[in-house]
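A.B. asks: The following block contains the structure, expressed as structure tokens.
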Amino acid sequence: MGRLCYFLGFLLLATRLPQDAAKQFHDALGTERLPGYVREHNHLHGWSSDENEWNENLYPVWKRGDERWKNSWKGGRVQAVLTSDSPALVGSNITFVVNLVFPRCQKEDANGNIVYEKNCRSDAGLPTDLYVYNWTTWSRDSSWENGSWQSRHHVFPDGRPFPQHPGWKKWNFVYVFHTLGQYFQKLGRCSVRVSLNTTNVTLGPQLMEVTVYRRHRLMYIPIAQVKDVYVVTDQIPIFVTMSQKNNRNSSDETFLKDLPIKFDVLIHDPSHFLNESTINYKWNFGDNTGLFVSNNHSLNHTYVLNGTFHLNLTVQAAVPGPCPIPSPTPPKPTSSLATTPKSYPNTPVPTSDDLLELNEILDENCLINRYGYFKATITIVEGILEVNIIQMTEVLMPMPQSDNSLMDFVVTCQGTIPTEVCTIISDPTCKIAQHAVCGPVHVGDTCLLTVRRTFNRSGTYCVHLTLSDNESLALTSTLVSVPGRDPVTPLKMANGALISVGCLAVFVSVVALLVYKKHKEYKPIESSPGNVIKSKGLNVFLNHAKVVLFPGNQEKDPLLKNQPGIL
């Protein structure tokens with residue numbers, strides 16, 4: 001009896017040996033799964049099942065926490081950074097990029113070897129040897145180049161040979177990508193990219209895992225593991241930017257009445273899957289103006305009433321996809337079926353013609369409508385719509401006085417009454433800001449005010465003047481010529497002075513910086529949830545300045561107008 005038990009135990013052990021010896025890819029690459037993971041998936045084009053055997057002799061497998069990880073690389077640990085251009089519309093390609101980050105003072109040279117950086121090596125007290133890993137020398141000094149060794153060692157973990165592209169011997173890292181029960185192997189340098197077609201990828205969040213090996217004599221050593229979540233969706237990923245002239249802060253979804261708001265739709269399509277598609281944009285602005293349909297990604301809309309409005313956008317695109325399978329044609333009832341209704345089959349049986357039509361359809365592609373959606377709740381309020389300098393006069397002072405010149409700017413505006421005025425004075429080239437002054441505005445029901453500013457010497461200046469309240473900020477600009485101190489010579493007016501576009505382009509950044517530094521204490525920029533891209537901080541005012549200084553067809557010239565009857 002004892003011999004029988006011994007013999008049965010030996011047989012049981014023998015049957016387990018092949019299974020234990022043959023490690024599979026899913027054993028070597030980890031088993032972490034996202035919630036809702038299912039084992040069976042559609043085949044990914046160019047990928048292989050992770051039930052294939054893994055060559056553990058050539059590619060050893062180290063679990064997390066194994067002490068051997070500490071010595072897998074000279075001078076420290078290598079980090080792998082995995083990124084993707086997710087989210088991806090189903091049917092498009094999603095691209096993954098892995099970059100290796102070496103320990104301090106190490107880099108990859110043109111031959112694929114790892115070397116110490118010259119300027120860093122002496123400071124860090126590193127060895128005088130230039131190389132961390134000189135794989136070129138290893139290849140020459142070993143039998144690596146021998147044909148028999150190549151067939152045994154120039155292979156991936158599943159035994160497939162390396163693709164021998166030009167310069168492939170300088171590629172010393174093996175990357176194994178793993179997702180949805182399938183894997184993809186790639187030979188490369190310190191940075192690689194892999195594209196995956198998402199036609200057969202399950203919708204929703206998925207996990208991509210990557211294991212990186214390096215050459216080590218006649219085998220490969222694991223040096224890094226990394227993972228990241230990517231998303232595949234059947235809805236077109238869209239983002240919407242909303243901007244408006246004179247709006248102080250578009251990020252709070254508050255805009256001004258009677259000024260056009262520019263809506264710009266950005267479709268996230270890095271693989272250009274939708275390039276050949278006809279895309280329609282259907283807008284409902286929530287103000288009873290009806291439905292607007294356009295094939296342009298940008299649209300202007302003006303709200304003429306104050307209040308809260310619910311914006312809805314639907315983006316539609318026709319994309320190639322598999323044709324739907326038609327339902328089989330039910331057979332015609334015979335006389336026996338007519339007399340015995342219960343004998344009629346519940347499930348119609350396809351005829352030969354149906355099968356032929358089905359095979360033809362499966363070989364074709366049809367157009368499938370995909371949709372993207374965007375919703376926002378926006379608030380419309382009163383604001384400063386326009387500002388103009390209608391008069392400039394020099395303030396005459398009795399002699400003797402200082403060399404300073406005083407000038408009064410008479411300013412009008414439309415819309416709400418401003419609470420603050422700022423003036424920025426720059427040099428004649430409009431590049432260097434010389435003086436910035438801000439102060440409160442004290443006016444009645446009519447927006448008419450006089451702003452007095454001091455010029456410490458004669459010459460030509462760029463003057464930018466802004467009026468603002470809690471919700472809006474309007475800007476105008478002009479050139480001013482200040483004469484020398486002569487009490488009988490009035491100031492030369494600068495009506496209709498033209499500032500070159502080049503000067504304005506340079507000056508915009510100066511205006512934005514100075515005025516933003518003044519205004520940022522008024523109202524903190526708040527973040528807003530949702531899928532809206534909104535500029536913040538300095539970019540907000542920079543957008544204001546650009547809109548005012550470079551107006552479109554609907555905008556008025558911000559420069560000083562020729563006003564009849566003005567001195």
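Each chain in the structure tokens gets a letter, A, B, ..., in the order shown, and its residues are numbered from 1; ligands are numbered from 1 in order too.
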I'd like the contact shell of Lys74 of chain A - 10 Å cut-off, only C-alpha atoms, skipping same-chain residues fewer than 5 positions apart - returned as a PyMOL selection string.

C.D. replies: chain A and resi 102-103+106+132-133

A.B. asks: Those same residues - N, CA and C atoms - I'd like them written as a compact mmCIF listing (two decimals), in the first residue's frame.

C.D. replies:
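Result went into out.txt, see below:
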# COMPACT_ATOMS: atom_id res chain seq x y z
N PHE A 102 17.14 57.72 -16.14
CA PHE A 102 18.31 57.09 -15.53
C PHE A 102 18.72 57.82 -14.26
N PRO A 103 19.53 57.16 -13.42
CA PRO A 103 20.05 57.85 -12.23
C PRO A 103 20.85 59.10 -12.62
N GLN A 106 23.68 60.06 -15.63
CA GLN A 106 23.74 59.01 -16.63
C GLN A 106 22.84 59.36 -17.82
N VAL A 132 28.76 53.53 -18.12
CA VAL A 132 28.00 52.76 -17.14
C VAL A 132 27.80 51.36 -17.69
N TYR A 133 27.30 51.28 -18.94
CA TYR A 133 27.18 50.01 -19.65
C TYR A 133 27.68 50.21 -21.07

A.B. asks: List every residue of segment 191-232 of chain A that has an atom at most 10 Å from any atom of segment 149-163 of chain A, and for each one report the closest atom pair and its distance in Å to one decimal, counting only C-alpha atoms, with rows sorted by chain and then by increasing residue number, as CSV.

C.D. replies:
residue,atom,partner,partner_atom,distance
A:Arg217,CA,A:His153,CA,9.8
A:Leu218,CA,A:His153,CA,6.6
A:Met219,CA,A:His153,CA,7.0
A:Tyr220,CA,A:His153,CA,9.2

A.B. asks: Please report, as a ChimeraX atom specification, each residue of segment 176-333 of chain A to which DSSP assigns strand (DSSP E or B) when run on this structure's backbone.

C.D. replies: /A:176-179,182-188,191-197,204-216,219-233,235,238-244,247,254-256,261-267,279-284,291-294,298-301,307-322

A.B. asks: Output as an MDAnalysis selection string all residues of segment 95-236 of chain A that backbone DSSP marks as helix (DSSP H, G or I).

C.D. replies: chainID A and resid 118:121 135:141 143:145 147:153 168:170

A.B. asks: Could you turn the residues from that selection into a file that holds N, CA and C atoms, as a PDB file, in the first residue's frame?

C.D. replies:
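Written out: selection19.pdb:
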ATOM      1  N   LYS A 118      29.737  64.231 -18.821  1.00  0.00           N
ATOM      2  CA  LYS A 118      31.068  64.758 -18.519  1.00  0.00           C
ATOM      3  C   LYS A 118      31.033  65.860 -17.477  1.00  0.00           C
ATOM      4  N   ASN A 119      30.142  66.794 -17.604  1.00  0.00           N
ATOM      5  CA  ASN A 119      30.115  67.930 -16.682  1.00  0.00           C
ATOM      6  C   ASN A 119      29.633  67.542 -15.293  1.00  0.00           C
ATOM      7  N   CYS A 120      29.049  66.366 -15.171  1.00  0.00           N
ATOM      8  CA  CYS A 120      28.458  65.961 -13.900  1.00  0.00           C
ATOM      9  C   CYS A 120      29.310  64.923 -13.189  1.00  0.00           C
ATOM     10  N   ARG A 121      30.173  64.235 -13.941  1.00  0.00           N
ATOM     11  CA  ARG A 121      30.873  63.080 -13.401  1.00  0.00           C
ATOM     12  C   ARG A 121      31.840  63.455 -12.280  1.00  0.00           C
ATOM     13  N   TRP A 135      27.711  48.361 -24.049  1.00  0.00           N
ATOM     14  CA  TRP A 135      27.200  47.190 -24.729  1.00  0.00           C
ATOM     15  C   TRP A 135      27.898  46.955 -26.069  1.00  0.00           C
ATOM     16  N   THR A 136      28.475  47.984 -26.672  1.00  0.00           N
ATOM     17  CA  THR A 136      29.216  47.809 -27.916  1.00  0.00           C
ATOM     18  C   THR A 136      30.413  46.895 -27.691  1.00  0.00           C
ATOM     19  N   THR A 137      31.143  47.107 -26.595  1.00  0.00           N
ATOM     20  CA  THR A 137      32.292  46.263 -26.270  1.00  0.00           C
ATOM     21  C   THR A 137      31.853  44.855 -25.922  1.00  0.00           C
ATOM     22  N   TRP A 138      30.757  44.729 -25.196  1.00  0.00           N
ATOM     23  CA  TRP A 138      30.245  43.401 -24.854  1.00  0.00           C
ATOM     24  C   TRP A 138      29.994  42.585 -26.119  1.00  0.00           C
ATOM     25  N   SER A 139      29.422  43.234 -27.130  1.00  0.00           N
ATOM     26  CA  SER A 139      29.095  42.519 -28.358  1.00  0.00           C
ATOM     27  C   SER A 139      30.349  42.037 -29.071  1.00  0.00           C
ATOM     28  N   ARG A 140      31.402  42.865 -29.062  1.00  0.00           N
ATOM     29  CA  ARG A 140      32.635  42.485 -29.751  1.00  0.00           C
ATOM     30  C   ARG A 140      33.403  41.416 -28.984  1.00  0.00           C
ATOM     31  N   ASP A 141      33.412  41.511 -27.655  1.00  0.00           N
ATOM     32  CA  ASP A 141      34.237  40.623 -26.837  1.00  0.00           C
ATOM     33  C   ASP A 141      33.575  39.291 -26.541  1.00  0.00           C
ATOM     34  N   SER A 143      30.563  36.082 -27.593  1.00  0.00           N
ATOM     35  CA  SER A 143      30.060  35.334 -28.752  1.00  0.00           C
ATOM     36  C   SER A 143      28.679  35.800 -29.146  1.00  0.00           C
ATOM     37  N   TRP A 144      28.311  37.009 -28.709  1.00  0.00           N
ATOM     38  CA  TRP A 144      26.977  37.559 -29.003  1.00  0.00           C
ATOM     39  C   TRP A 144      26.727  37.651 -30.508  1.00  0.00           C
ATOM     40  N   GLU A 145      27.808  37.935 -31.258  1.00  0.00           N
ATOM     41  CA  GLU A 145      27.644  38.103 -32.689  1.00  0.00           C
ATOM     42  C   GLU A 145      27.579  36.769 -33.421  1.00  0.00           C
ATOM     43  N   GLY A 147      26.359  33.395 -34.987  1.00  0.00           N
ATOM     44  CA  GLY A 147      25.034  33.098 -35.516  1.00  0.00           C
ATOM     45  C   GLY A 147      24.205  32.216 -34.602  1.00  0.00           C
ATOM     46  N   SER A 148      24.823  31.192 -34.016  1.00  0.00           N
ATOM     47  CA  SER A 148      24.062  30.290 -33.164  1.00  0.00           C
ATOM     48  C   SER A 148      23.559  30.993 -31.922  1.00  0.00           C
ATOM     49  N   TRP A 149      24.385  31.887 -31.363  1.00  0.00           N
ATOM     50  CA  TRP A 149      23.945  32.634 -30.181  1.00  0.00           C
ATOM     51  C   TRP A 149      22.838  33.618 -30.542  1.00  0.00           C
ATOM     52  N   GLN A 150      22.948  34.180 -31.739  1.00  0.00           N
ATOM     53  CA  GLN A 150      21.896  35.115 -32.157  1.00  0.00           C
ATOM     54  C   GLN A 150      20.533  34.443 -32.179  1.00  0.00           C
ATOM     55  N   SER A 151      20.481  33.243 -32.732  1.00  0.00           N
ATOM     56  CA  SER A 151      19.196  32.569 -32.823  1.00  0.00           C
ATOM     57  C   SER A 151      18.640  32.215 -31.468  1.00  0.00           C
ATOM     58  N   ARG A 152      19.513  32.074 -30.469  1.00  0.00           N
ATOM     59  CA  ARG A 152      19.045  31.686 -29.131  1.00  0.00           C
ATOM     60  C   ARG A 152      18.805  32.861 -28.214  1.00  0.00           C
ATOM     61  N   HIS A 153      19.513  33.974 -28.447  1.00  0.00           N
ATOM     62  CA  HIS A 153      19.452  35.068 -27.490  1.00  0.00           C
ATOM     63  C   HIS A 153      18.908  36.371 -28.064  1.00  0.00           C
ATOM     64  N   TRP A 168      19.652  48.080 -35.330  1.00  0.00           N
ATOM     65  CA  TRP A 168      18.931  47.403 -34.245  1.00  0.00           C
ATOM     66  C   TRP A 168      19.871  46.946 -33.125  1.00  0.00           C
ATOM     67  N   LYS A 169      21.152  46.742 -33.422  1.00  0.00           N
ATOM     68  CA  LYS A 169      22.084  46.287 -32.386  1.00  0.00           C
ATOM     69  C   LYS A 169      22.396  47.382 -31.366  1.00  0.00           C
ATOM     70  N   LYS A 170      21.980  48.611 -31.672  1.00  0.00           N
ATOM     71  CA  LYS A 170      22.138  49.696 -30.695  1.00  0.00           C
ATOM     72  C   LYS A 170      20.935  49.794 -29.764  1.00  0.00           C
TER      73      LYS A 170
END

A.B. asks: Can you work out which one of A:Asp408, A:Glu56, A:Glu386, A:Glu471 has the shortest atom-to-atom distance to Ile221 of chain A, counting only C-alpha atoms?

C.D. replies: A:Glu56

A.B. asks: Compile the contact shell of Val265 of chain A as number ranges by chain: residues with an atom at most 7 Å away, counting only C-alpha atoms, same-chain residues fewer than 4 positions apart removed.

C.D. replies: A: 238-241, 297-298

A.B. asks: Would you put the residues from that selection into a file with C-alpha atoms, as a tab-separated table (two decimals), in the first residue's frame?

C.D. replies:
chain	number	residue	atom	x	y	z
A	238	ILE	CA	-14.56	67.39	-26.81
A	239	PHE	CA	-13.50	70.48	-24.89
A	240	VAL	CA	-14.91	73.96	-25.23
A	241	THR	CA	-13.24	77.31	-24.68
A	297	HIS	CA	-15.84	74.53	-34.75
A	298	SER	CA	-16.04	78.23	-33.76

A.B. asks: One decimal, Å: what's the distance from atom CA of Phe177 of chain A over to atom CA of Arg68 of chain A, could you say?

C.D. replies: 22.0 Å
